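Quick look at input-v5.pdb (PDB, C-alpha atoms):
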ATOM      1  CA  MET Y 416      74.119  87.732 206.936
ATOM      2  CA  ARG Y 417      73.910  84.682 204.725
ATOM      3  CA  PRO Y 418      76.495  85.047 201.967
ATOM      4  CA  THR Y 419      76.683  83.043 198.767
ATOM      5  CA  LEU Y 420      79.188  84.211 196.141
ATOM      6  CA  PHE Y 421      78.232  82.112 193.137
ATOM      7  CA  LEU Y 422      74.871  80.438 193.836
ATOM      8  CA  LEU Y 423      73.998  78.481 190.703
ATOM      9  CA  ALA Y 424      70.338  79.319 190.205
ATOM     10  CA  LEU Y 425      69.670  76.540 187.691
ATOM     11  CA  LEU Y 426      66.168  76.267 189.065
ATOM     12  CA  LEU Y 427      64.740  77.068 192.481
ATOM     13  CA  LEU Y 428      62.930  74.715 194.787
ATOM     14  CA  SER Y 429      59.179  74.319 194.479
ATOM     15  CA  CYS Y 430      57.627  74.235 197.926
ATOM     16  CA  GLY Y 431      53.930  74.277 197.167
ATOM     17  CA  GLY Y 432      51.350  72.926 194.803
ATOM     18  CA  SER Y 433      51.331  69.674 192.933
ATOM     19  CA  PRO Y 434      53.039  69.054 189.596
ATOM     20  CA  LYS Y 435      50.956  69.538 186.494
ATOM     21  CA  ASN Y 436      49.294  66.368 185.278
ATOM     22  CA  SER Y 437      47.791  67.496 182.014
ATOM     23  CA  GLY Y 438      49.377  64.721 179.955
ATOM     24  CA  GLU Y 439      50.231  67.325 177.281
ATOM     25  CA  SER Y 440      53.215  69.584 177.652
ATOM     26  CA  GLN Y 441      52.727  73.310 177.236
ATOM     27  CA  PHE Y 442      55.992  73.248 175.258
ATOM     28  CA  GLN Y 443      54.607  71.310 172.274
ATOM     29  CA  ARG Y 444      54.747  73.660 169.313
ATOM     30  CA  THR Y 445      55.581  73.798 165.625
ATOM     31  CA  PRO Y 446      59.352  73.273 165.304
ATOM     32  CA  LEU Y 447      61.500  75.760 163.445
ATOM     33  CA  LYS Y 448      63.605  74.551 160.547
ATOM     34  CA  SER Y 449      67.239  75.555 160.597
ATOM     35  CA  GLU Y 450      70.704  74.254 159.905
ATOM     36  CA  GLY Y 451      72.686  72.971 162.862
ATOM     37  CA  THR Y 452      76.187  74.177 163.631
ATOM     38  CA  SER Y 453      79.034  72.617 165.562
ATOM     39  CA  ASN Y 454      80.790  75.465 167.383
ATOM     40  CA  GLY Y 455      79.216  74.775 170.775
ATOM     41  CA  GLY Y 456      78.573  72.136 173.405
ATOM     42  CA  GLY Y 457      76.454  69.151 172.631
ATOM     43  CA  GLY Y 458      73.861  66.873 174.131
ATOM     44  CA  LYS Y 459      74.780  63.366 173.084
ATOM     45  CA  GLY Y 460      72.512  60.374 173.047
ATOM     46  CA  VAL Y 461      72.550  56.639 172.590
ATOM     47  CA  LYS Y 462      70.336  55.075 169.924
ATOM     48  CA  CYS Y 463      69.459  51.376 170.189
ATOM     49  CA  GLY Y 464      67.009  50.316 167.508
ATOM     50  CA  SER Y 465      64.268  52.927 167.306
ATOM     51  CA  SER Y 466      64.780  54.153 170.873
ATOM     52  CA  VAL Y 467      66.913  57.172 171.765
ATOM     53  CA  THR Y 468      67.953  58.326 175.227
ATOM     54  CA  THR Y 469      70.495  60.815 176.519
ATOM     55  CA  LEU Y 470      74.033  59.783 177.353
ATOM     56  CA  ASP Y 471      73.290  61.033 180.878
ATOM     57  CA  LEU Y 472      70.560  58.428 181.444
ATOM     58  CA  TRP Y 473      72.318  55.661 179.507
ATOM     59  CA  GLU Y 474      75.421  55.997 181.687
ATOM     60  CA  ALA Y 475      73.304  56.118 184.843
ATOM     61  CA  VAL Y 476      71.792  52.717 183.951
ATOM     62  CA  HIS Y 477      74.672  50.912 182.212
ATOM     63  CA  ILE Y 478      77.778  52.430 183.847
ATOM     64  CA  SER Y 479      76.621  53.488 187.322
ATOM     65  CA  ARG Y 480      74.098  50.605 187.500
ATOM     66  CA  LEU Y 481      71.304  52.864 188.735
ATOM     67  CA  LYS Y 482      67.601  52.231 188.291
ATOM     68  CA  LEU Y 483      65.615  55.049 186.738
ATOM     69  CA  LYS Y 484      62.484  56.377 188.375
ATOM     70  CA  PRO Y 485      59.113  55.389 186.881
ATOM     71  CA  GLU Y 486      58.223  57.787 184.092
ATOM     72  CA  GLN Y 487      55.772  60.571 184.861
ATOM     73  CA  SER Y 488      52.624  61.324 182.896
ATOM     74  CA  SER Y 489      53.939  64.416 181.095
ATOM     75  CA  LEU Y 490      57.066  66.287 180.101
ATOM     76  CA  ASP Y 491      56.061  69.123 182.422
ATOM     77  CA  GLN Y 492      56.009  66.840 185.427
ATOM     78  CA  GLU Y 493      59.363  65.282 184.489
ATOM     79  CA  ILE Y 494      60.821  68.800 184.352
ATOM     80  CA  ILE Y 495      59.361  69.790 187.737
ATOM     81  CA  ASP Y 496      60.511  66.569 189.403
ATOM     82  CA  GLY Y 497      63.989  67.015 187.935
ATOM     83  CA  ALA Y 498      64.195  70.578 189.281
ATOM     84  CA  LEU Y 499      63.124  69.411 192.728
ATOM     85  CA  ALA Y 500      65.784  66.694 192.850
ATOM     86  CA  TYR Y 501      68.522  68.901 191.376
ATOM     87  CA  VAL Y 502      68.005  71.678 193.890
ATOM     88  CA  LYS Y 503      67.733  69.250 196.802
ATOM     89  CA  GLN Y 504      71.136  67.807 195.923
ATOM     90  CA  THR Y 505      73.134  70.829 194.819
ATOM     91  CA  GLN Y 506      71.784  73.882 196.641
ATOM     92  CA  PRO Y 507      71.783  74.916 200.324
ATOM     93  CA  TYR Y 508      68.537  74.150 202.159
ATOM     94  CA  TRP Y 509      67.544  77.823 202.287
ATOM     95  CA  THR Y 510      67.210  78.208 198.488
ATOM     96  CA  THR Y 511      64.326  80.542 197.712
ATOM     97  CA  PRO Y 512      61.060  78.660 197.033
ATOM     98  CA  VAL Y 513      59.189  79.178 193.769
ATOM     99  CA  THR Y 514      56.047  77.684 192.279
ATOM    100  CA  ASP Y 515      55.743  74.877 189.742
ATOM    101  CA  GLN Y 516      54.714  77.382 187.088
ATOM    102  CA  GLN Y 517      57.765  79.538 187.775
ATOM    103  CA  ILE Y 518      59.954  76.471 187.272
ATOM    104  CA  LEU Y 519      58.283  75.776 183.933
ATOM    105  CA  ASP Y 520      58.560  79.421 182.893
ATOM    106  CA  ARG Y 521      62.289  79.456 183.658
ATOM    107  CA  VAL Y 522      62.879  76.238 181.747
ATOM    108  CA  LYS Y 523      60.929  77.661 178.823
ATOM    109  CA  ALA Y 524      63.179  80.738 178.759
ATOM    110  CA  ALA Y 525      66.390  78.743 179.234
ATOM    111  CA  PHE Y 526      65.666  75.902 176.797
ATOM    112  CA  PHE Y 527      62.468  75.849 174.772
ATOM    113  CA  ASP Y 528      62.617  79.483 173.652
ATOM    114  CA  ARG Y 529      66.139  78.743 172.391
ATOM    115  CA  GLN Y 530      65.361  75.388 170.758
ATOM    116  CA  VAL Y 531      65.579  75.258 166.967
ATOM    117  CA  PHE Y 532      64.872  72.008 165.092
ATOM    118  CA  ILE Y 533      67.189  71.415 162.137
ATOM    119  CA  ALA Y 534      65.860  70.714 158.671
ATOM    120  CA  GLU Y 535      64.564  67.223 157.943
ATOM    121  CA  GLY Y 536      67.171  64.925 156.428
ATOM    122  CA  ARG Y 537      70.110  66.646 158.110
ATOM    123  CA  ARG Y 538      72.184  65.667 161.130
ATOM    124  CA  LEU Y 539      74.047  67.749 163.685
ATOM    125  CA  ALA Y 540      77.837  67.647 163.598
ATOM    126  CA  PHE Y 541      79.240  65.344 166.263
ATOM    127  CA  THR Y 542      80.932  67.322 169.029
ATOM    128  CA  GLN Y 543      84.041  66.213 170.908
ATOM    129  CA  ASP Y 544      83.125  67.538 174.354
ATOM    130  CA  ALA Y 545      82.437  64.322 176.287
ATOM    131  CA  THR Y 546      84.184  61.182 177.439
ATOM    132  CA  LEU Y 547      82.399  58.306 175.706
ATOM    133  CA  PRO Y 548      81.944  54.758 177.026
ATOM    134  CA  SER Y 549      81.864  51.555 174.987
ATOM    135  CA  LEU Y 550      78.466  50.607 173.568
ATOM    136  CA  PRO Y 551      76.913  47.171 173.023
ATOM    137  CA  ILE Y 552      76.426  45.873 169.481
ATOM    138  CA  GLY Y 553      73.338  47.398 167.911
ATOM    139  CA  CYS Y 554      73.701  50.765 169.648
ATOM    140  CA  GLU Y 555      75.358  53.961 168.439
ATOM    141  CA  PHE Y 556      76.092  57.470 169.663
ATOM    142  CA  VAL Y 557      73.974  60.240 168.177
ATOM    143  CA  GLN Y 558      74.062  64.003 168.456
ATOM    144  CA  ILE Y 559      70.658  65.070 169.757
ATOM    145  CA  ALA Y 560      71.342  68.740 170.395
ATOM    146  CA  ILE Y 561      74.052  71.385 170.259
ATOM    147  CA  TYR Y 562      74.188  74.623 172.224
ATOM    148  CA  VAL Y 563      75.978  77.250 170.141
ATOM    149  CA  ASP Y 564      77.512  80.637 170.833
ATOM    150  CA  ASP Y 565      74.515  82.583 169.556
ATOM    151  CA  GLY Y 566      72.392  81.110 172.350
ATOM    152  CA  LYS Y 567      70.348  78.726 170.196
ATOM    153  CA  ILE Y 568      69.967  75.029 170.995
ATOM    154  CA  TYR Y 569      69.840  73.183 167.678
ATOM    155  CA  THR Y 570      68.009  69.882 167.996
ATOM    156  CA  ASP Y 571      67.560  66.840 165.779
ATOM    157  CA  ARG Y 572      63.790  66.476 165.495
ATOM    158  CA  GLU Y 573      63.854  62.783 164.559
ATOM    159  CA  TYR Y 574      65.870  61.840 167.646
ATOM    160  CA  TRP Y 575      63.778  64.158 169.847
ATOM    161  CA  ASN Y 576      60.602  62.385 168.761
ATOM    162  CA  GLN Y 577      62.130  58.985 169.601
ATOM    163  CA  MET Y 578      62.836  60.003 173.206
ATOM    164  CA  SER Y 579      60.652  59.460 176.266
ATOM    165  CA  ASP Y 580      59.525  62.497 178.272
ATOM    166  CA  GLN Y 581      62.033  61.532 180.950
ATOM    167  CA  ALA Y 582      64.856  61.488 178.406
ATOM    168  CA  LYS Y 583      63.689  64.828 176.984
ATOM    169  CA  ALA Y 584      63.712  66.354 180.468
ATOM    170  CA  SER Y 585      67.245  65.069 181.073
ATOM    171  CA  LEU Y 586      68.337  66.657 177.775
ATOM    172  CA  VAL Y 587      66.710  69.921 178.861
ATOM    173  CA  TYR Y 588      68.769  69.988 182.059
ATOM    174  CA  HIS Y 589      71.926  68.883 180.269
ATOM    175  CA  GLU Y 590      71.699  71.850 177.921
ATOM    176  CA  ILE Y 591      70.734  74.272 180.706
ATOM    177  CA  ALA Y 592      73.767  73.053 182.654
ATOM    178  CA  TYR Y 593      75.913  73.752 179.592
ATOM    179  CA  LEU Y 594      74.375  77.233 179.334
ATOM    180  CA  ARG Y 595      75.272  77.847 182.980
ATOM    181  CA  SER Y 596      78.790  76.564 182.339
ATOM    182  CA  ARG Y 597      79.158  79.222 179.653
ATOM    183  CA  GLU Y 598      78.024  81.811 182.177
ATOM    184  CA  PHE Y 599      80.607  80.481 184.644
ATOM    185  CA  GLN Y 600      83.307  81.154 182.060
ATOM    186  CA  LYS Y 601      82.628  84.849 182.688
ATOM    187  CA  THR Y 602      83.380  84.323 186.402
ATOM    188  CA  PRO Y 603      86.426  82.898 188.193
ATOM    189  CA  LEU Y 604      84.686  79.506 188.439
ATOM    190  CA  LYS Y 605      85.090  76.418 186.232
ATOM    191  CA  PHE Y 606      82.446  73.811 185.498
ATOM    192  CA  ASN Y 607      82.953  70.042 185.044
ATOM    193  CA  SER Y 608      80.636  68.878 182.238
ATOM    194  CA  ASP Y 609      81.243  65.163 182.854
ATOM    195  CA  GLU Y 610      80.237  65.578 186.494
ATOM    196  CA  ALA Y 611      77.143  67.499 185.388
ATOM    197  CA  ARG Y 612      76.143  64.524 183.211
ATOM    198  CA  GLY Y 613      76.495  62.232 186.202
ATOM    199  CA  VAL Y 614      74.359  64.484 188.393
ATOM    200  CA  ILE Y 615      71.577  64.611 185.802
ATOM    201  CA  GLY Y 616      71.569  60.822 185.607
ATOM    202  CA  ARG Y 617      71.363  60.591 189.408
ATOM    203  CA  ILE Y 618      68.411  62.959 189.786
ATOM    204  CA  TYR Y 619      66.307  60.761 187.475
ATOM    205  CA  SER Y 620      67.320  57.588 189.289
ATOM    206  CA  THR Y 621      65.809  55.932 192.363
ATOM    207  CA  LEU Y 622      69.045  56.604 194.255
ATOM    208  CA  PRO Y 623      68.285  58.634 197.400
ATOM    209  CA  ILE Y 624      69.352  62.237 197.070
ATOM    210  CA  GLU Y 625      72.474  63.037 199.102
ATOM    211  CA  PRO Y 626      72.483  66.822 199.633
ATOM    212  CA  ASN Y 627      75.793  68.567 199.137
ATOM    213  CA  PHE Y 628      75.247  70.563 202.324
ATOM    214  CA  PRO Y 629      73.767  69.518 205.685
ATOM    215  CA  ASP Y 630      71.134  71.512 207.529
ATOM    216  CA  PHE Y 631      73.149  74.021 209.554
ATOM    217  CA  ARG Y 632      70.257  75.232 211.705
ATOM    218  CA  GLY Y 633      70.994  74.985 215.410
ATOM    219  CA  LYS Y 634      74.694  74.235 214.773
ATOM    220  CA  ASN Y 635      77.840  76.304 215.050
ATOM    221  CA  ALA Y 636      78.624  77.127 211.427
ATOM    222  CA  VAL Y 637      80.695  79.630 209.477
ATOM    223  CA  TRP Y 638      80.781  80.618 205.825
ATOM    224  CA  CYS Y 639      84.125  81.586 204.272
ATOM    225  CA  GLY Y 640      84.979  82.673 200.769
ATOM    226  CA  ALA Y 641      88.281  83.555 199.159
ATOM    227  CA  GLY Y 642      89.781  84.311 195.773
ATOM    228  CA  GLY Y 643      88.528  85.831 192.576
ATOM    229  CA  GLY Y 644      90.401  89.081 193.071
ATOM    230  CA  SER Y 645      92.498  91.085 190.657
ATOM    231  CA  ASN Y 646      95.479  88.791 191.266
ATOM    232  CA  GLY Y 647      93.606  85.885 189.679
ATOM    233  CA  ALA Y 648      93.492  83.763 192.828
ATOM    234  CA  ALA Y 649      91.373  80.607 192.598
ATOM    235  CA  VAL Y 650      87.943  80.862 194.198
ATOM    236  CA  PHE Y 651      87.051  78.914 197.342
ATOM    237  CA  GLU Y 652      83.634  79.037 198.949
ATOM    238  CA  THR Y 653      83.002  76.889 201.990
ATOM    239  CA  TYR Y 654      80.636  76.157 204.831
ATOM    240  CA  LEU Y 655      82.294  75.029 208.069
ATOM    241  CA  VAL Y 656      80.174  73.315 210.734
ATOM    242  CA  GLU Y 657      80.951  71.569 214.008
ATOM    243  CA  GLU Y 658      80.216  67.831 213.716
ATOM    244  CA  SER Y 659      81.234  64.512 215.232
ATOM    245  CA  ARG Y 660      82.433  61.645 213.055
ATOM    246  CA  GLY Y 661      83.171  58.252 214.498
ATOM    247  CA  GLY Y 662      82.902  59.711 217.983
ATOM    248  CA  VAL Y 663      85.476  62.416 217.211
ATOM    249  CA  ALA Y 664      84.413  66.061 217.416
ATOM    250  CA  GLY Y 665      85.723  68.500 214.835
ATOM    251  CA  VAL Y 666      84.877  70.803 211.962
ATOM    252  CA  ALA Y 667      83.471  69.550 208.671
ATOM    253  CA  ILE Y 668      84.154  71.739 205.636
ATOM    254  CA  TYR Y 669      81.671  71.580 202.757
ATOM    255  CA  PHE Y 670      82.791  73.144 199.487
ATOM    256  CA  PHE Y 671      80.511  75.129 197.208
ATOM    257  CA  ALA Y 672      83.577  76.034 195.142
ATOM    258  CA  LEU Y 673      86.992  74.383 195.373
ATOM    259  CA  ASN Y 674      90.139  75.748 193.767
ATOM    260  CA  GLY Y 675      88.134  77.625 191.162
ATOM    261  CA  GLU Y 676      85.645  74.849 190.357
ATOM    262  CA  TYR Y 677      81.933  74.857 191.176
ATOM    263  CA  MET Y 678      81.228  71.529 192.888
ATOM    264  CA  LEU Y 679      78.117  69.697 191.697
ATOM    265  CA  THR Y 680      78.293  66.782 194.147
ATOM    266  CA  LYS Y 681      79.164  66.615 197.839
ATOM    267  CA  THR Y 682      82.753  67.751 198.397
ATOM    268  CA  GLU Y 683      84.005  67.816 201.966
ATOM    269  CA  GLY Y 684      86.821  67.461 204.458
ATOM    270  CA  PHE Y 685      87.064  67.040 208.225
ATOM    271  CA  LEU Y 686      89.409  68.652 210.759
ATOM    272  CA  ALA Y 687      89.368  66.534 213.906
ATOM    273  CA  GLY Y 688      89.554  68.426 217.190
ATOM    274  CA  ASP Y 689      88.789  71.860 215.692
ATOM    275  CA  THR Y 690      85.933  74.243 216.464
ATOM    276  CA  VAL Y 691      84.559  76.947 214.176
ATOM    277  CA  GLN Y 692      85.488  79.824 216.500
ATOM    278  CA  PRO Y 693      89.078  80.260 215.234
ATOM    279  CA  TYR Y 694      87.784  80.247 211.652
ATOM    280  CA  ALA Y 695      85.166  82.870 212.492
ATOM    281  CA  ASP Y 696      87.890  84.927 214.174
ATOM    282  CA  ARG Y 697      90.434  84.124 211.452
ATOM    283  CA  THR Y 698      93.064  83.289 214.054
ATOM    284  CA  PHE Y 699      93.584  79.579 213.379
ATOM    285  CA  PRO Y 700      96.962  77.845 212.880
ATOM    286  CA  GLY Y 701      97.964  76.076 209.679
ATOM    287  CA  ARG Y 702      96.193  72.785 208.996
ATOM    288  CA  SER Y 703      96.251  70.216 206.214
ATOM    289  CA  ILE Y 704      92.920  68.850 205.031
ATOM    290  CA  LYS Y 705      92.112  65.989 202.653
ATOM    291  CA  ILE Y 706      89.186  66.759 200.344
ATOM    292  CA  SER Y 707      86.893  64.008 199.070
ATOM    293  CA  ASN Y 708      84.118  64.087 196.492
ATOM    294  CA  VAL Y 709      81.160  61.701 196.424
ATOM    295  CA  THR Y 710      81.678  60.831 192.757
ATOM    296  CA  ARG Y 711      85.463  61.200 192.387
ATOM    297  CA  GLY Y 712      86.810  59.906 195.718
ATOM    298  CA  THR Y 713      89.795  61.746 197.224
ATOM    299  CA  ILE Y 714      90.496  64.624 194.886
ATOM    300  CA  GLN Y 715      92.875  67.053 196.590
ATOM    301  CA  THR Y 716      94.756  67.879 199.754
ATOM    302  CA  PHE Y 717      94.990  71.522 200.754
ATOM    303  CA  GLU Y 718      96.789  73.412 203.464
ATOM    304  CA  ILE Y 719      94.818  76.070 205.297
ATOM    305  CA  ALA Y 720      97.017  78.665 206.965
ATOM    306  CA  MET Y 721      97.639  82.225 207.984
ATOM    307  CA  MET Y 722     100.320  83.878 205.921
ATOM    308  CA  ARG Y 723     102.329  86.942 206.862
ATOM    309  CA  THR Y 724     103.223  89.406 204.142
ATOM    310  CA  GLN Y 725     104.954  92.776 204.102
ATOM    311  CA  ASP Y 726     101.557  94.430 204.348
ATOM    312  CA  GLY Y 727     100.259  92.321 207.227
ATOM    313  CA  VAL Y 728      98.469  88.992 207.535
ATOM    314  CA  PHE Y 729      96.228  87.087 205.160
ATOM    315  CA  PRO Y 730      93.861  85.588 207.721
ATOM    316  CA  TYR Y 731      92.437  82.779 205.585
ATOM    317  CA  MET Y 732      93.751  81.096 202.508
ATOM    318  CA  TRP Y 733      94.611  77.798 200.857
ATOM    319  CA  ILE Y 734      98.339  77.989 200.273
ATOM    320  CA  ARG Y 735      99.286  74.645 198.763
ATOM    321  CA  GLY Y 736      97.592  71.974 196.682
ATOM    322  CA  GLN Y 737      98.520  68.305 196.417
ATOM    323  CA  ASP Y 738     100.906  69.049 193.566
ATOM    324  CA  GLY Y 739     102.961  71.262 195.881
ATOM    325  CA  THR Y 740     102.189  74.496 194.040
ATOM    326  CA  ALA Y 741     100.987  77.566 195.887
ATOM    327  CA  PRO Y 742      98.154  79.646 194.404
ATOM    328  CA  GLN Y 743      98.152  83.423 194.646
ATOM    329  CA  PRO Y 744      97.534  84.720 198.187
ATOM    330  CA  SER Y 745      93.872  85.440 198.718
ATOM    331  CA  TYR Y 746      92.316  87.480 201.479
ATOM    332  CA  ALA Y 747      89.221  85.706 202.767
ATOM    333  CA  VAL Y 748      85.916  86.869 204.173
ATOM    334  CA  CYS Y 749      84.268  84.766 206.879
ATOM    335  CA  ASP Y 750      80.890  85.185 208.523
ATOM    336  CA  ARG Y 751      79.129  83.122 211.177
ATOM    337  CA  LEU Y 752      75.813  81.720 209.953
ATOM    338  CA  ARG Y 753      72.811  82.771 211.981
ATOM    339  CA  ALA Y 754      71.051  80.087 214.002
ATOM    340  CA  GLU Y 755      67.835  80.514 212.004
ATOM    341  CA  ASN Y 756      69.537  79.812 208.653
TER
END

Take the structure I supplied and represent it as structure tokens, if you would.
Amino acid sequence: MRPTLFLLALLLLSCGGSPKNSGESQFQRTPLKSEGTSNGGGGKGVKCGSSVTTLDLWEAVHISRLKLKPEQSSLDQEIIDGALAYVKQTQPYWTTPVTDQQILDRVKAAFFDRQVFIAEGRRLAFTQDATLPSLPIGCEFVQIAIYVDDGKIYTDREYWNQMSDQAKASLVYHEIAYLRSREFQKTPLKFNSDEARGVIGRIYSTLPIEPNFPDFRGKNAVWCGAGGGSNGAAVFETYLVEESRGGVAGVAIYFFALNGEYMLTKTEGFLAGDTVQPYADRTFPGRSIKISNVTRGTIQTFEIAMMRTQDGVFPYMWIRGQDGTAPQPSYAVCDRLRAEN
């Protein structure tokens, strides 16, 4: 069994074929004219002179000091390359392969079929859903797109036309990420939009991709999930694998979901001296673990423990966060990963 509770299927990995190189995107079409609204989440940009890029890419270059990849020959290829990098970073290595055309078809359904260009001479209302950096003189923030509750993605045509294909592709994934965040609101998981912006900037940079999860094949590994029940307990979803760090053997814990939040970048902890067997058997003693995130540093400390109740034993749960509060007890399910996974 290979369980995943809340696999974010933003796009699935392309394992065959070469990206399209037509030079003309299949998404070019006559824009619709419509008024924009402001009751949703927005895709912000930075305009310097006559050039517009997304806030995601601007921050990657000017805040994170990353170098962007050379631009591809078409919007289609930028979209395919972005999907490849996104999945490589955020999804387990066994994610189901799909073709380049399937990637494009899914992006079309998630973004381009929803895109509505506002009427000429109008501007989208500026949303307040992002933390904004300081800009140099001569640059300004602009609202490129807004995703609204009716599912449409209203877009400023003038700004869209001033963007490179790479910037357009980053806007596509920004808005798809926001769409997925809305879907997460229907589940017990939360979604960090600022972290999503950082991830999108990273996948279009030359920075080597650091996968959130290692390759578990041939290693002793266990999957455990907890929470999300009727008592409103926060969701945890983890992969535990035996590793050595600095010459010390132990168990590394990689989080797919932590305390109710879907983790977009590598989030992990290490329990020196442990093996996965007690976790698979759900017989382990209480342990405290410090959790770190590749973009946020140390974010939380949790206590993993068995807890006796009047009805028996909760074999796996996080009972206390760094603020000292205890979430609702949550019965956990654990399963050893097969060697071929």

Each range 647-702 of chain Y residue no farther than 7 Å from range 621-634 of chain Y, nearest pair in Å, only C-alpha atoms, as a Markdown table:
| residue | atom | partner | partner_atom | distance |
| --- | --- | --- | --- | --- |
| Y:Val656 | CA | Y:Lys634 | CA | 6.9 |
| Y:Glu657 | CA | Y:Lys634 | CA | 6.8 |
| Y:Tyr669 | CA | Y:Phe628 | CA | 6.5 |
| Y:Thr680 | CA | Y:Asn627 | CA | 5.9 |
| Y:Lys681 | CA | Y:Asn627 | CA | 4.1 |

> Suppose you want the space between CA of Glu555 in chain Y and CA of Lys567 in chain Y; what is it in Å?
Replying inline: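 Spanning CA of Glu555 in chain Y to CA of Lys567 in chain Y is a straight-line distance of 25.3 Å.
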
> From the list Y:Pro693, Y:Gly640, Y:Gly688, Y:Gly661, which residue is nearest Gly675 in chain Y when using all atoms listed in the file?
Replying inline: Y:Gly640

> Quick one: distance from CA of Ala582 in chain Y to CA of Thr682 in chain Y in Å, one decimal?
Replying inline: 27.6 Å

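Here CA of Gly712 in chain Y stands at a distance of 28.3 Å from CA of Thr542 in chain Y.
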
> Smallest atom-to-atom distance to Ala672 in chain Y: which of Y:Gln492, Y:Thr505, Y:Gln577, Y:Thr690, using only C-alpha atoms?
Replying inline: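 Nearest candidate to Ala672 in chain Y out of Y:Gln492, Y:Thr505, Y:Gln577, Y:Thr690: Y:Thr505.
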
> Which one of Y:Asp609, Y:Arg521, Y:Glu676, Y:Gln581 sits closest to Thr710 in chain Y if you count all atoms listed in the file?
Replying inline: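 Using all atoms listed in the file, Thr710 in chain Y sits closest to Y:Asp609.
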
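Distances from Y:Gln504, Y:Glu652, Y:Lys482, Y:Val557 to Cys463 in chain Y were compared using only C-alpha atoms, and the smallest one belongs to Y:Val557.
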
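Proximity of Y:Leu539, Y:Cys749, Y:Ser579, Y:Asp520 to Leu472 in chain Y, computed with all atoms listed in the file, is greatest for Y:Ser579.
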
>> Taking the file as I've supplied it (selection: the PyMOL selection byres ((chain Y and resi 471) around 7)), which residues are included? Please answer as a ChimeraX atom specification.
In response: /Y:469-470,472-475,612-613,615-616

> From the list Y:Gly458, Y:Gly566, Y:Gly536, Y:Gly553, which residue is nearest Ser585 in chain Y when using only C-alpha atoms?
Replying inline: Y:Gly458

Enumerate, as a PDB file with C-alpha atoms, in the coordinates of the input, the protein, DNA and RNA residues whose atoms approach (84.6, 73.0, 209.0) to within 10 Å, taking into account only C-alpha atoms and the coordinate frame of the file.
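part.pdb, written as the output of this step:
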ATOM      1  CA  ASN Y 635      77.840  76.304 215.050  1.00  0.00           C
ATOM      2  CA  ALA Y 636      78.624  77.127 211.427  1.00  0.00           C
ATOM      3  CA  VAL Y 637      80.695  79.630 209.477  1.00  0.00           C
ATOM      4  CA  TRP Y 638      80.781  80.618 205.825  1.00  0.00           C
ATOM      5  CA  CYS Y 639      84.125  81.586 204.272  1.00  0.00           C
ATOM      6  CA  THR Y 653      83.002  76.889 201.990  1.00  0.00           C
ATOM      7  CA  TYR Y 654      80.636  76.157 204.831  1.00  0.00           C
ATOM      8  CA  LEU Y 655      82.294  75.029 208.069  1.00  0.00           C
ATOM      9  CA  VAL Y 656      80.174  73.315 210.734  1.00  0.00           C
ATOM     10  CA  GLU Y 657      80.951  71.569 214.008  1.00  0.00           C
ATOM     11  CA  GLU Y 658      80.216  67.831 213.716  1.00  0.00           C
ATOM     12  CA  GLY Y 665      85.723  68.500 214.835  1.00  0.00           C
ATOM     13  CA  VAL Y 666      84.877  70.803 211.962  1.00  0.00           C
ATOM     14  CA  ALA Y 667      83.471  69.550 208.671  1.00  0.00           C
ATOM     15  CA  ILE Y 668      84.154  71.739 205.636  1.00  0.00           C
ATOM     16  CA  TYR Y 669      81.671  71.580 202.757  1.00  0.00           C
ATOM     17  CA  PHE Y 670      82.791  73.144 199.487  1.00  0.00           C
ATOM     18  CA  GLU Y 683      84.005  67.816 201.966  1.00  0.00           C
ATOM     19  CA  GLY Y 684      86.821  67.461 204.458  1.00  0.00           C
ATOM     20  CA  PHE Y 685      87.064  67.040 208.225  1.00  0.00           C
ATOM     21  CA  LEU Y 686      89.409  68.652 210.759  1.00  0.00           C
ATOM     22  CA  ALA Y 687      89.368  66.534 213.906  1.00  0.00           C
ATOM     23  CA  ASP Y 689      88.789  71.860 215.692  1.00  0.00           C
ATOM     24  CA  THR Y 690      85.933  74.243 216.464  1.00  0.00           C
ATOM     25  CA  VAL Y 691      84.559  76.947 214.176  1.00  0.00           C
ATOM     26  CA  TYR Y 694      87.784  80.247 211.652  1.00  0.00           C
TER      27      TYR Y 694
END
